[in-house]
Each structure stands twice: as C-alpha cells, then as structure tokens.
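Just below is one structure, and these are the notes that go with it.
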Amino acid sequence: MSVMIYWFRQDARLHDAPALRWAAERASALCPVVCLPPESTTRWGVPRLGPHRQAARGQTWLGLDASLRALGSRLAVLHGEPAQALPALARQLGADTVVCERIAAPEEDAEVAALRAAGLTVREHWQSGLFEPSALPFAVADLPKVFSQFRQQLSRAGCQPLAPLPALSQLPPWPAAAPALPGPSEAPCPPLASGCAFPYALPAWRLDEAAGLAHLAGYCAGEDIARYKATRNGLSGTAYSSKFSPWLACGALSVRQVWAALAARDAEYGVSEGTEWLRFELLWREYFRLLHLACGRQLYGVSGLNPQAPAPRHHPASYARWCEGRTGQPLVDAAMRELAASGYLSNRLRQVAASYLLHELDDDWRAGAAWFEAQLVDYDVYSNQGNWLYIAGRGTDPRGGRRFNPDKQAAEYDADGAYRRLWGTA
Ligand code: FAD
C-alpha cells in the first residue's frame, strides 16, 4: 500500500470508474487532483479554451469535488502543466504513482511521457469507450477502414460492451503529508441566449455527474427517445437529440452506463427505432476512439490518412468571419452564432458549418477543428478530430469527404426560417 495521486482527466465521475477503483483498492492514501494549465492560444490565433468551456469545466470540477467530499475526500486543483505540477506534488506527498485514464491523442500521450521521464510510475486505464480493445474481433491496428464494416464485424461477432461498474462507495483518506491545495471554484457562465439547445446555466443541465445521471434517467424514461430517429437532425430546442455528449465528454457520464440504460429501457418497453439509432451513434463515437488507437499521430498530420490530399490553405480574414458568424451565408452564420453564444451546436449544423469552411472558404480543417475545440462544451478530442477529418476527406471515408449545400440544407431543415430568425440571420 502506498500514497498515490489520482489525476482526473476526462473522467469526472465515481460511477463506472475503473481507473479510480484500481487506485482506491491499492492506495493507503489518495490525492485526487485535476490540472489547470495556463491559458494559451493556438497557432490559428484562437484561445485554447473559450468562455463556455471554462464555465463548463468549473461546473464539472465542483460537482466532482462534492462527490469526493461525500466519501471523505476532496478534489485539489493543481495550477500548471501536468508535467511540472504532478511531479512537484508527488515529491511533497512522498508518492511515486499517478493513476489516470488513458487518452490516446498526441498531446495527452506527451503529458504522460513527460511524467514518466520525470521518474513517476503512471498507471493508465483505457476506460472512455464501450469495449475493451482486446475483446474486439480484430486487432486494433486492423480496425476496418469503413465505419459500416466496423459495425457489421462487431455485430457478427456478437460483441457486447462491458457492463458499467457500480459507483465507488469508499475512498482512501487524503494523504497526511498533503500541502494546502486549492479546490475548484465556479467560473462565470456567459449569459446564454434563450433558445439554446444545451442551456448548461440551468441546474438540470449542469455539467456534473449528478445532473448527467438524472438527465440519462429522465431521457430514457421519457417520450423523446422513442422519436429520436425522426428528430435527431433537428436544429433547435433541447429535445431533438439526447444531449448526452457534454456529460460524456467530461466523463461525468460513462458511455457504458448510457448503453446499459438504453438496454434497460428496451427490456421494459421493447426495442425502439430510437434506442437502436442511439446505439448506432454511440458506435460512431467508439469508432473515432479506436481510430486514434489504430492511427495515432497520423490523424494529426496535415493530410490525415489521405497522403494524396492537397495541402490545405489558411485565409485568416474569411476564417475570422466564419468564426464570428459573418460569412453572409445565413444558415452558416446562424450556426456559428449559436456555437459562440452557447458552446453547443446540433450535429447537422456542425456538418454544414464545417463543410462551408473547408469546401466553400477553402480553409484548413485544423483551423476549423481548433475553433470547435475552443467553443464546444462537449469537446472530445476523438470525436472532434474524427468528424473534421471525415468531412475534409482526410479520414477513413471512402467517399472522399462531405460537401453540404447550405441553401439546400436550410430548405430541408429550416424551411420556415425559424432557426435563422432565432440567431438573427433571417
Ligand atoms: P445524439 O444525436 O443524441 O447522439 C448520441 C451520442 O452519440 C452523442 O452524445 C455522441 O456521443 C454520439 N455521436 C452522435 N453523433 C456522433 C458523431 N458524428 N461522431 C461521434 N459521436 C457521435 N461530438 C462530441 O461529442 N464532441 C465533439 O467535439 C464533436 N465534434 C464534432 C465536430 C464536427 C465537425 C462534427 C460534424 C461532429 C462533431 N461531434 C462531436 C459529433 C456530434 O455532432 C455530437 O456528438 C452530437 O451533436 C452531440 O449531441 P447529442 O449528444 O444530442 O447527440
């Protein structure tokens, strides 16, 4: 038994928490922490973390702190990059092990490599997906290059996601040698316009575990889920899609918990088109995770997985207009205004807005991905990168990218103009 540090990354929960459980069962004392790096700006001139993401992060960490306190522990916020902050804390605690979830993306892998180089033992757990990679019917390196083949292979092999673990009911004590460390605090939430599809300023939509579990239970018990297949391409309102993503992204909800809740609903009411289709979408989420495990850093190169792709160009002036919702294209501008005003956007409009930047403004997909990263309260490195690559034709899509005609999309999904009026572009 030894003193350990538990480093929360995108897994802010006590239910279905294999990594935290592993640490809790082995540590004589445990110091749960999050790291708060200094604010920074990307090479595209946009902040790494916009105001909505900062506010969302504050909610998530406060909720996690409350859950830990209920078990006699608490959450400490370490200011600084993990590579400096965690080794310094380990020295103060006399700890040599950091336990955390694995995030298979270049920057996140580099953080862990730096901790190891500093002499720490880092125990990483792959826990943000549905399946244990070793239980798949193919080696991860041989992940099918087309999503439908991936889905069919899982189905033929009868692969079932792991069942979620019960919530932890006890934790090791806080280390006696711990220095005074600050806890989380609420970050100001920018005023959210009425009509936001994910109104996280309201208590029921707070981005913490308690609200996430309550939302999951309410959605699975309600009527909207049965209509999901028909409504999922909606543009406004809270009910057209599940809105699970912001809780999934920060880890306040476990995807295995979501899958189990869908199965429980099916057991009670029978399988519906809605639950079937939600599982289909959750498999897309899974696919982009496994794609990262299979292809790693290659996904971040300028050509992605398509070596023939021409080098993208970047046009700062039109990019800035796109970010601000001033392109002159009413549907795209409405979407970009909603994104900046609320930190959330429907899947349909993410596709339309991304396509417009890439295929009409001829810009670099990495600049678009960086803007979404700064804004989205459901930012998830795997899903964001995977979807941008897909639309740019630099991922695994055999059709070589996706181009959406915004006028046609407006005619189909916003025929009465209500969405564009809501965001002031019609
Ligand atoms: P629902 O329609 O209710 O779907 C249920 C769940 O399935 C979602 O919560 C999500 O976990 C998963 N899912 C649905 N569609 C996708 C998809 N295309 N790819 C991966 N998973 C999916 N999703 C994120 O979670 N984080 C991101 O950073 C992100 N960036 C995106 C960037 C672009 C350019 C595009 C086109 C899509 C992006 N998505 C991202 C995927 C998708 O738009 C969101 O997951 C979805 O809109 C979230 O709303 P929901 O939970 O109501 O989804």
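Naming scheme: A, B, ... for chains in displayed order of the structure tokens; residues 1 onward per chain; ligands 1 onward as shown.
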Excluding A:Gly119 and residues on its chain fewer than 6 positions from it, collect all residues at most 10 Å away from it, counting only C-alpha atoms, and give them as a list in words.
Pro87, Asp96 and Thr97 of chain A
Written selection (N, CA, C and O atoms) as a short mmCIF file (atom, residue, chain, number, x, y, z; two decimals), in the first residue's frame:
```cif
data_model
loop_
_atom_site.label_atom_id
_atom_site.label_comp_id
_atom_site.auth_asym_id
_atom_site.auth_seq_id
_atom_site.Cartn_x
_atom_site.Cartn_y
_atom_site.Cartn_z
N PRO A 87 4.73 15.99 -10.78
CA PRO A 87 5.95 15.56 -10.09
C PRO A 87 6.21 16.39 -8.82
O PRO A 87 6.67 15.85 -7.80
N ASP A 96 4.92 7.93 -5.55
CA ASP A 96 5.63 7.70 -6.81
C ASP A 96 4.70 7.23 -7.93
O ASP A 96 5.14 6.97 -9.04
N THR A 97 3.40 7.09 -7.63
CA THR A 97 2.48 6.58 -8.65
C THR A 97 1.35 7.56 -8.93
O THR A 97 0.72 8.07 -8.00
#
```
Would you mind listing what lies within 12 Å of A:Phe288 as a ChimeraX atom specification, with only C-alpha atoms counted and same-chain residues fewer than 3 positions away left out?
/A:104-105,128-130,140,143-147,150,281-285,291-296,299,380-390,395-397
Exercise answer, 8 Å around ligand 1 with only C-alpha atoms and all ligand atoms, as a ChimeraX atom specification:
/A:228,232-233,240-246,248-249,255,278-288,345-354,368-369,372-373,376,378-388,391
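Using only C-alpha atoms for every distance, the candidate list A:Thr60, A:Ser155, A:Ser2, A:Thr41 yields A:Thr60 as the residue closest to A:Ala252.
Counting only C-alpha atoms, stretch 214-220 of chain A has the following residues at most 8 Å away, ignoring those fewer than 3 positions along the same chain: Ala204, Trp205, Ala210, Ala211, Glu223, Asp224, Ile225, Ser242, Phe244, Val258, Ala261, Leu262 and Arg265 of chain A.
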Write the residues of the preceding selection, restricted to N, CA, C and O atoms, as a short mmCIF file (atom, residue, chain, number, x, y, z; two decimals), in the first residue's frame.
```cif
data_model
loop_
_atom_site.label_atom_id
_atom_site.label_comp_id
_atom_site.auth_asym_id
_atom_site.auth_seq_id
_atom_site.Cartn_x
_atom_site.Cartn_y
_atom_site.Cartn_z
N ALA A 204 -30.66 21.78 -14.09
CA ALA A 204 -30.86 20.43 -14.65
C ALA A 204 -29.82 20.10 -15.71
O ALA A 204 -29.62 18.94 -16.04
N TRP A 205 -29.15 21.13 -16.24
CA TRP A 205 -28.19 20.91 -17.34
C TRP A 205 -26.75 21.12 -16.90
O TRP A 205 -25.85 21.18 -17.73
N ALA A 210 -24.08 14.31 -11.10
CA ALA A 210 -25.45 14.18 -10.59
C ALA A 210 -26.46 14.58 -11.68
O ALA A 210 -27.44 13.86 -11.94
N ALA A 211 -26.22 15.72 -12.33
CA ALA A 211 -27.15 16.16 -13.38
C ALA A 211 -27.10 15.23 -14.58
O ALA A 211 -28.13 14.96 -15.23
N GLU A 223 -40.53 10.34 -23.49
CA GLU A 223 -41.07 10.03 -24.82
C GLU A 223 -40.12 10.41 -25.96
O GLU A 223 -40.18 9.84 -27.04
N ASP A 224 -39.23 11.39 -25.69
CA ASP A 224 -38.38 11.91 -26.78
C ASP A 224 -37.50 10.81 -27.37
O ASP A 224 -37.22 10.81 -28.57
N ILE A 225 -37.08 9.90 -26.55
CA ILE A 225 -36.15 8.86 -27.01
C ILE A 225 -36.79 7.99 -28.10
O ILE A 225 -36.12 7.60 -29.05
N SER A 242 -30.32 13.45 -27.90
CA SER A 242 -30.21 13.03 -26.49
C SER A 242 -29.50 14.05 -25.60
O SER A 242 -29.71 14.07 -24.39
N PHE A 244 -26.54 13.87 -24.67
CA PHE A 244 -25.63 13.15 -23.77
C PHE A 244 -24.19 13.68 -23.89
O PHE A 244 -23.38 13.55 -22.97
N VAL A 258 -24.55 4.66 -20.19
CA VAL A 258 -25.57 5.05 -21.16
C VAL A 258 -26.07 3.82 -21.91
O VAL A 258 -27.29 3.61 -22.06
N ALA A 261 -28.31 1.82 -19.78
CA ALA A 261 -29.62 2.47 -19.58
C ALA A 261 -30.52 2.25 -20.81
O ALA A 261 -31.73 2.06 -20.68
N LEU A 262 -29.91 2.27 -22.00
CA LEU A 262 -30.70 2.01 -23.22
C LEU A 262 -31.22 0.57 -23.21
O LEU A 262 -32.38 0.30 -23.55
N ARG A 265 -34.10 0.26 -20.84
CA ARG A 265 -35.34 0.80 -21.43
C ARG A 265 -35.94 -0.21 -22.42
O ARG A 265 -37.14 -0.45 -22.42
#
```
Show me, as a Markdown table, the residues of stretch 233-254 of chain A having an atom within 12 Å of stretch 335-338 of chain A, each with the closest atom pair and its distance in Å, using only C-alpha atoms.
```
| residue | atom | partner | partner_atom | distance |
| --- | --- | --- | --- | --- |
| A:Leu235 | CA | A:Ala335 | CA | 9.0 |
| A:Ser236 | CA | A:Glu338 | CA | 9.8 |
| A:Gly237 | CA | A:Glu338 | CA | 11.9 |
```
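Residues in contact with A:Ala340 at up to 10 Å, not including ones fewer than 5 positions away on its chain and judged by only C-alpha atoms, are Gly50, Pro51, His52, Leu192, Cys323, Glu324, Gly325, Ala335, Leu345, Trp371, Phe372, Ala374, Gln375 and Leu376 of chain A.
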Save out the residues we just selected, N, CA, C and O atoms, as a PDB file, in the first residue's frame.
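What ended up in again-v3.pdb:
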```
ATOM      1  N   GLY A  50     -12.444  28.519 -24.746  1.00  0.00           N
ATOM      2  CA  GLY A  50     -13.339  29.672 -24.757  1.00  0.00           C
ATOM      3  C   GLY A  50     -14.118  29.767 -23.453  1.00  0.00           C
ATOM      4  O   GLY A  50     -14.037  28.881 -22.592  1.00  0.00           O
ATOM      5  N   PRO A  51     -14.918  30.839 -23.303  1.00  0.00           N
ATOM      6  CA  PRO A  51     -15.619  31.086 -22.029  1.00  0.00           C
ATOM      7  C   PRO A  51     -16.605  29.983 -21.649  1.00  0.00           C
ATOM      8  O   PRO A  51     -16.758  29.675 -20.467  1.00  0.00           O
ATOM      9  N   HIS A  52     -17.267  29.378 -22.641  1.00  0.00           N
ATOM     10  CA  HIS A  52     -18.221  28.309 -22.280  1.00  0.00           C
ATOM     11  C   HIS A  52     -17.487  27.086 -21.757  1.00  0.00           C
ATOM     12  O   HIS A  52     -17.921  26.450 -20.800  1.00  0.00           O
ATOM     13  N   LEU A 192     -26.467  33.020 -21.425  1.00  0.00           N
ATOM     14  CA  LEU A 192     -26.889  32.164 -22.538  1.00  0.00           C
ATOM     15  C   LEU A 192     -28.179  32.711 -23.111  1.00  0.00           C
ATOM     16  O   LEU A 192     -29.132  32.968 -22.373  1.00  0.00           O
ATOM     17  N   CYS A 323     -15.741  32.287 -37.985  1.00  0.00           N
ATOM     18  CA  CYS A 323     -15.812  32.133 -36.516  1.00  0.00           C
ATOM     19  C   CYS A 323     -16.882  33.047 -35.923  1.00  0.00           C
ATOM     20  O   CYS A 323     -17.600  32.668 -34.993  1.00  0.00           O
ATOM     21  N   GLU A 324     -16.974  34.256 -36.466  1.00  0.00           N
ATOM     22  CA  GLU A 324     -17.879  35.261 -35.870  1.00  0.00           C
ATOM     23  C   GLU A 324     -19.296  35.191 -36.430  1.00  0.00           C
ATOM     24  O   GLU A 324     -20.167  35.958 -36.025  1.00  0.00           O
ATOM     25  N   GLY A 325     -19.553  34.294 -37.387  1.00  0.00           N
ATOM     26  CA  GLY A 325     -20.890  34.222 -37.980  1.00  0.00           C
ATOM     27  C   GLY A 325     -21.167  35.405 -38.879  1.00  0.00           C
ATOM     28  O   GLY A 325     -22.260  35.984 -38.852  1.00  0.00           O
ATOM     29  N   ALA A 335     -25.579  29.273 -37.384  1.00  0.00           N
ATOM     30  CA  ALA A 335     -24.941  28.177 -36.646  1.00  0.00           C
ATOM     31  C   ALA A 335     -23.735  28.684 -35.855  1.00  0.00           C
ATOM     32  O   ALA A 335     -23.573  28.373 -34.671  1.00  0.00           O
ATOM     33  N   LEU A 345     -23.885  23.002 -30.563  1.00  0.00           N
ATOM     34  CA  LEU A 345     -24.465  23.079 -31.913  1.00  0.00           C
ATOM     35  C   LEU A 345     -24.939  21.684 -32.290  1.00  0.00           C
ATOM     36  O   LEU A 345     -24.280  20.694 -31.959  1.00  0.00           O
ATOM     37  N   TRP A 371     -11.202  25.866 -33.684  1.00  0.00           N
ATOM     38  CA  TRP A 371     -12.292  26.756 -33.236  1.00  0.00           C
ATOM     39  C   TRP A 371     -13.362  25.957 -32.491  1.00  0.00           C
ATOM     40  O   TRP A 371     -13.845  26.368 -31.443  1.00  0.00           O
ATOM     41  N   PHE A 372     -13.718  24.813 -33.028  1.00  0.00           N
ATOM     42  CA  PHE A 372     -14.698  23.963 -32.331  1.00  0.00           C
ATOM     43  C   PHE A 372     -14.161  23.539 -30.957  1.00  0.00           C
ATOM     44  O   PHE A 372     -14.895  23.488 -29.980  1.00  0.00           O
ATOM     45  N   ALA A 374     -12.229  25.149 -29.007  1.00  0.00           N
ATOM     46  CA  ALA A 374     -12.323  26.259 -28.057  1.00  0.00           C
ATOM     47  C   ALA A 374     -13.756  26.478 -27.572  1.00  0.00           C
ATOM     48  O   ALA A 374     -13.983  26.902 -26.440  1.00  0.00           O
ATOM     49  N   GLN A 375     -14.731  26.172 -28.443  1.00  0.00           N
ATOM     50  CA  GLN A 375     -16.111  26.543 -28.138  1.00  0.00           C
ATOM     51  C   GLN A 375     -16.964  25.447 -27.501  1.00  0.00           C
ATOM     52  O   GLN A 375     -17.765  25.717 -26.609  1.00  0.00           O
ATOM     53  N   LEU A 376     -16.818  24.232 -27.992  1.00  0.00           N
ATOM     54  CA  LEU A 376     -17.806  23.187 -27.672  1.00  0.00           C
ATOM     55  C   LEU A 376     -17.760  22.732 -26.212  1.00  0.00           C
ATOM     56  O   LEU A 376     -16.716  22.245 -25.751  1.00  0.00           O
TER      57      LEU A 376
END
```
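Going from atom CA of A:Leu422 to atom CA of A:Ser318 covers 23.5 Å.
Each of A:Val377, A:Leu253, A:Leu358, A:Ala392 was compared to A:Leu49 using only C-alpha atoms, and A:Val377 turns out to be the nearest.
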If DSSP is run on the backbone, what residues of stretch 45-214 of chain A are alpha helix (DSSP H)? A reply as a VMD selection string would be ideal.
chain A and resid 51 to 70 82 to 93 106 to 117 147 to 156 209 to 214
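With only C-alpha atoms as the basis for measurement, A:Asp333 is the residue among A:Arg227, A:Glu276, A:Asn405, A:Asp333 that approaches A:Tyr419 most closely.
Among the candidates A:Pro173, A:Leu290, A:Val77, A:Trp7, the one nearest to A:Pro133 when counting only C-alpha atoms is A:Leu290.
Taking atom CA of A:Asp266 and atom CA of A:Glu209 as endpoints, the distance between them is 23.5 Å.
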Selection near A:Lys229, 8 Å with only C-alpha atoms, sequence-local residues under 4 positions removed, as an mmCIF file with all heavy atoms, in the first residue's frame:
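Result file follows (out-v2.cif):
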```cif
data_model
loop_
_atom_site.group_PDB
_atom_site.id
_atom_site.type_symbol
_atom_site.label_atom_id
_atom_site.label_comp_id
_atom_site.auth_asym_id
_atom_site.auth_seq_id
_atom_site.Cartn_x
_atom_site.Cartn_y
_atom_site.Cartn_z
ATOM 1 N N GLU A 273 -36.942 2.135 -32.509
ATOM 2 C CA GLU A 273 -36.038 2.716 -33.509
ATOM 3 C C GLU A 273 -35.108 3.728 -32.846
ATOM 4 O O GLU A 273 -33.956 3.867 -33.221
ATOM 5 C CB GLU A 273 -36.865 3.454 -34.564
ATOM 6 C CG GLU A 273 -37.234 2.614 -35.738
ATOM 7 C CD GLU A 273 -37.831 3.476 -36.845
ATOM 8 O OE1 GLU A 273 -38.214 4.655 -36.611
ATOM 9 O OE2 GLU A 273 -37.934 2.941 -37.949
ATOM 10 N N GLY A 274 -35.660 4.415 -31.837
ATOM 11 C CA GLY A 274 -34.872 5.457 -31.161
ATOM 12 C C GLY A 274 -33.658 4.871 -30.462
ATOM 13 O O GLY A 274 -32.535 5.368 -30.627
ATOM 14 N N TRP A 277 -31.091 3.538 -32.929
ATOM 15 C CA TRP A 277 -30.332 4.567 -33.622
ATOM 16 C C TRP A 277 -29.333 5.243 -32.684
ATOM 17 O O TRP A 277 -28.223 5.617 -33.090
ATOM 18 C CB TRP A 277 -31.286 5.582 -34.271
ATOM 19 C CG TRP A 277 -30.653 6.164 -35.498
ATOM 20 C CD1 TRP A 277 -29.973 7.352 -35.560
ATOM 21 C CD2 TRP A 277 -30.583 5.591 -36.810
ATOM 22 N NE1 TRP A 277 -29.490 7.547 -36.832
ATOM 23 C CE2 TRP A 277 -29.849 6.485 -37.630
ATOM 24 C CE3 TRP A 277 -31.074 4.408 -37.362
ATOM 25 C CZ2 TRP A 277 -29.592 6.240 -38.965
ATOM 26 C CZ3 TRP A 277 -30.820 4.165 -38.706
ATOM 27 C CH2 TRP A 277 -30.091 5.059 -39.492
ATOM 28 N N LEU A 278 -29.700 5.373 -31.430
ATOM 29 C CA LEU A 278 -28.738 5.950 -30.475
ATOM 30 C C LEU A 278 -27.519 5.040 -30.325
ATOM 31 O O LEU A 278 -26.380 5.506 -30.247
ATOM 32 C CB LEU A 278 -29.399 6.152 -29.105
ATOM 33 C CG LEU A 278 -30.143 7.474 -28.963
ATOM 34 C CD1 LEU A 278 -31.070 7.446 -27.759
ATOM 35 C CD2 LEU A 278 -29.142 8.630 -28.806
#
```
Polymer residues at most 7 Å from A:Pro82, only C-alpha atoms, same-chain spacing of 3 or more positions, as a PDB file with C-alpha atoms, in the first residue's frame:
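The resulting file, selection.pdb, is shown below:
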```pdb
ATOM      1  CA  CYS A  35      -4.513  20.130 -13.538  1.00  0.00           C
ATOM      2  CA  ALA A  85       2.619  20.149 -11.302  1.00  0.00           C
ATOM      3  CA  LEU A  86       2.272  16.395 -10.765  1.00  0.00           C
ATOM      4  CA  GLU A 111       1.845  14.598 -20.958  1.00  0.00           C
TER       5      GLU A 111
END
```
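Each of A:Glu360, A:Glu186, A:Asp416, A:Glu81 was checked against A:Arg402 using only C-alpha atoms; the smallest atom-to-atom distance is that of A:Glu360.
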Spatial neighbours of A:Asp16, max dist 9 Å, only C-alpha atoms, sep filter under 2 positions, as an MDAnalysis selection string
chainID A and resid 13:14 18 21 127 163:168 253:254 256:257
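Interatomic distance, atom CA of A:Arg206 against atom CA of A:Trp61: 11.1 Å.
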